[in-house]
Amino acid sequence: MSELVTGDAVVLGLRTARLPSRALALVIDLVLVWTVYLAVSITLLVATSSLDDAAQAAITVAMFLLVLVGAPIAVETLSHGRSLGKLACGLRVVRDDGGPIRFRHALVRGAIGVVEILMTFGTVACIASLVSARGRRIGDVFAGTLVVRERVPAGRVSAVPLPPPWLIGRFAQLDLSAVPDGLWLAIRQYLTRMGQLDAAVGGAMAERLAGDLARATGVRVPPDVPPAAYLAAVVNERQAREARRVFGESAPGGAAYGPHAAVPGGLPARTVPSASHRGMPTAPGPAVATTPPAPPAGPDGALPGVAEARDPAPRTPRGTGFAPPA
């Protein structure tokens, strides 16, 4: 198995696909695509038999581009990296940072795949996948993508831990556009393996990654948030934005990636954690559920700063025997 390792020797939780599984998925895809291509081509040739040779050649080229090139690109874009062959073999195409691919990634992979797969019968793709330490073909290198295994044993999966419930949605206004993909990858690697690190080493690594993330976003890390919890909360917010971008407004927000739903009718009471949340180091101290204290009541029992309901009619001033004009 090929594992992705950062400069801090933290192993990434994604498991890259190797050549045998990728070759089997490619064979399944090619059989389906060529079957559709031959069936459509024969049907069109019979339907356009009365046309001249130039028109038939144009139709053949158009069918080649639409079925053998355009169809795989459309399938990978709409399925977010899962073609029929990859779905059968438990594989998926993702970005280098683990996120879902978009149209431009599928377009680059499909365009280069014409040369390294269709025109050379997959020879170039097989050689490139064997040479690459991460099993990538040339199209993956230029597109910035990676083919990973989705179906792995449950006991061997390392997932990104959820942030504490009081941090979900706190960084909804944070600008994440300037954060480089390499930093996202390092943060994901740390979060998936921080439970296996020494406490001192893991704490120093979390502070360094949190500082890099704060410099990229231009907003300092809140002093009351531990670095590891800050990293998990920002990654959770990024995943929520990716889900809304992919699935539209029907996708839930940041709380969708945690079991803590928002409390209807106002803000929930904040809980200051004393123990770690799924291995998350937090500040020491007992867990205390706090709510904002109510302001002291005035001499007449009314809360300060709250306007009383008054009669819209003007009140008659004391000590005078007439009412002011309307």
# chains A, B, ... in the order shown; residues from 1 in each chain; ligands from 1
call {"tool": "residues_around", "arguments": {"residues": "A:Leu84", "least_positions_apart": "2", "cutoff": "10 Å", "atoms": "only C-alpha atoms", "output": "ChimeraX atom specification"}}
result
/A:25-26,28-29,32,72,75-76,79,81-82,86-91
call {"tool": "write_last_selection", "arguments": {"atoms": "N, CA, C and O atoms", "output": "compact mmCIF listing (two decimals), in the first residue's frame"}}
result
# COMPACT_ATOMS: atom_id res chain seq x y z
N ALA A 25 -10.99 -1.48 -13.32
CA ALA A 25 -12.01 -0.44 -13.49
C ALA A 25 -11.96 0.16 -14.90
O ALA A 25 -13.02 0.44 -15.50
N LEU A 26 -10.76 0.35 -15.43
CA LEU A 26 -10.63 0.90 -16.78
C LEU A 26 -11.19 -0.06 -17.83
O LEU A 26 -11.85 0.36 -18.80
N ILE A 28 -13.60 -2.23 -17.44
CA ILE A 28 -15.07 -2.18 -17.35
C ILE A 28 -15.59 -0.93 -18.05
O ILE A 28 -16.57 -0.99 -18.82
N ASP A 29 -14.94 0.21 -17.79
CA ASP A 29 -15.38 1.45 -18.44
C ASP A 29 -15.23 1.38 -19.95
O ASP A 29 -16.12 1.82 -20.70
N LEU A 32 -17.92 -0.82 -21.62
CA LEU A 32 -19.23 -0.14 -21.68
C LEU A 32 -19.22 0.98 -22.72
O LEU A 32 -20.16 1.12 -23.51
N PRO A 72 -17.20 9.94 -20.77
CA PRO A 72 -16.47 9.72 -19.52
C PRO A 72 -16.26 11.00 -18.71
O PRO A 72 -16.32 10.98 -17.47
N VAL A 75 -19.60 11.77 -17.02
CA VAL A 75 -19.90 10.83 -15.93
C VAL A 75 -19.06 11.13 -14.71
O VAL A 75 -19.57 11.16 -13.57
N GLU A 76 -17.76 11.39 -14.87
CA GLU A 76 -16.90 11.69 -13.72
C GLU A 76 -17.29 13.02 -13.07
O GLU A 76 -17.19 13.16 -11.85
N SER A 79 -20.80 12.41 -11.25
CA SER A 79 -20.72 11.45 -10.14
C SER A 79 -19.63 11.79 -9.15
O SER A 79 -19.37 11.02 -8.23
N GLY A 81 -16.33 11.87 -9.53
CA GLY A 81 -15.16 10.99 -9.57
C GLY A 81 -15.45 9.52 -9.58
O GLY A 81 -14.52 8.71 -9.48
N ARG A 82 -16.70 9.13 -9.72
CA ARG A 82 -17.04 7.70 -9.71
C ARG A 82 -17.63 7.30 -11.07
O ARG A 82 -18.79 7.55 -11.34
N LYS A 86 -15.11 2.35 -11.77
CA LYS A 86 -14.57 2.70 -10.44
C LYS A 86 -15.58 2.39 -9.34
O LYS A 86 -15.20 1.99 -8.23
N LEU A 87 -16.86 2.60 -9.63
CA LEU A 87 -17.88 2.28 -8.64
C LEU A 87 -17.91 0.78 -8.36
O LEU A 87 -18.09 0.35 -7.21
N ALA A 88 -17.72 -0.04 -9.40
CA ALA A 88 -17.72 -1.49 -9.21
C ALA A 88 -16.49 -1.96 -8.43
O ALA A 88 -16.57 -2.94 -7.68
N CYS A 89 -15.38 -1.26 -8.59
CA CYS A 89 -14.14 -1.66 -7.92
C CYS A 89 -13.91 -0.90 -6.62
O CYS A 89 -12.87 -1.11 -5.97
N GLY A 90 -14.82 -0.02 -6.23
CA GLY A 90 -14.66 0.71 -4.99
C GLY A 90 -13.62 1.80 -5.06
O GLY A 90 -12.94 2.08 -4.06
N LEU A 91 -13.48 2.45 -6.20
CA LEU A 91 -12.48 3.51 -6.39
C LEU A 91 -13.18 4.84 -6.61
O LEU A 91 -14.37 4.90 -6.93
call {"tool": "closest_atom_pairs", "arguments": {"of": "stretch 188-240 of chain A", "to": "stretch 166-178 of chain A", "cutoff": "7 Å", "atoms": "only C-alpha atoms", "output": "JSON lines"}}
result
{"residue": "A:Ala216", "atom": "CA", "partner": "A:Ala178", "partner_atom": "CA", "distance": 5.9}
{"residue": "A:Thr217", "atom": "CA", "partner": "A:Asp175", "partner_atom": "CA", "distance": 5.8}
{"residue": "A:Ala233", "atom": "CA", "partner": "A:Leu167", "partner_atom": "CA", "distance": 6.1}
{"residue": "A:Val234", "atom": "CA", "partner": "A:Phe171", "partner_atom": "CA", "distance": 6.6}
{"residue": "A:Glu237", "atom": "CA", "partner": "A:Ala172", "partner_atom": "CA", "distance": 6.5}
call {"tool": "select_by_dssp", "arguments": {"residues": "stretch 75-181 of chain A", "states": "strand (DSSP E)", "output": "PDB file with C-alpha atoms, in the first residue's frame"}}
result
ATOM      1  CA  LEU A  91     -12.485   3.509  -6.386  1.00  0.00           C
ATOM      2  CA  ARG A  92     -12.944   7.245  -6.706  1.00  0.00           C
ATOM      3  CA  VAL A  93     -11.075  10.172  -8.258  1.00  0.00           C
ATOM      4  CA  VAL A  94     -10.360  12.997  -5.790  1.00  0.00           C
ATOM      5  CA  ARG A  95      -8.186  16.095  -5.707  1.00  0.00           C
ATOM      6  CA  THR A 145      -6.033  14.358  -8.981  1.00  0.00           C
ATOM      7  CA  LEU A 146      -5.587  11.008  -7.296  1.00  0.00           C
ATOM      8  CA  VAL A 147      -7.492   7.727  -7.472  1.00  0.00           C
ATOM      9  CA  VAL A 148      -8.208   6.360  -3.992  1.00  0.00           C
ATOM     10  CA  ARG A 149      -9.952   3.341  -2.543  1.00  0.00           C
TER      11      ARG A 149
END
call {"tool": "closest_residue", "arguments": {"among": "A:Val33, A:Leu78, A:Leu183, A:Glu150", "to": "A:Ala214", "atoms": "only C-alpha atoms"}}
result
A:Leu183
call {"tool": "atom_distance", "arguments": {"atom1": "atom CA of A:Leu65", "atom2": "atom CA of A:Leu45"}}
result
16.2 Å
call {"tool": "select_by_dssp", "arguments": {"residues": "stretch 104-239 of chain A", "states": "alpha helix (DSSP H)", "output": "PyMOL selection string"}}
result
chain A and resi 104-113+123-131+138-143+181-193+199-217+227-239
call {"tool": "atom_distance", "arguments": {"atom1": "atom CA of A:Ala125", "atom2": "atom CA of A:Gly139"}}
result
8.5 Å
call {"tool": "closest_residue", "arguments": {"among": "A:Val36, A:Ala232, A:Leu51, A:Leu213", "to": "A:Val179", "atoms": "only C-alpha atoms"}}
result
A:Leu213
call {"tool": "closest_residue", "arguments": {"among": "A:Ile59, A:Asp198, A:Pro223, A:Arg22", "to": "A:Ser83", "atoms": "only C-alpha atoms"}}
result
A:Arg22
call {"tool": "atom_distance", "arguments": {"atom1": "atom CA of A:Arg215", "atom2": "atom CA of A:Val235"}}
result
15.6 Å
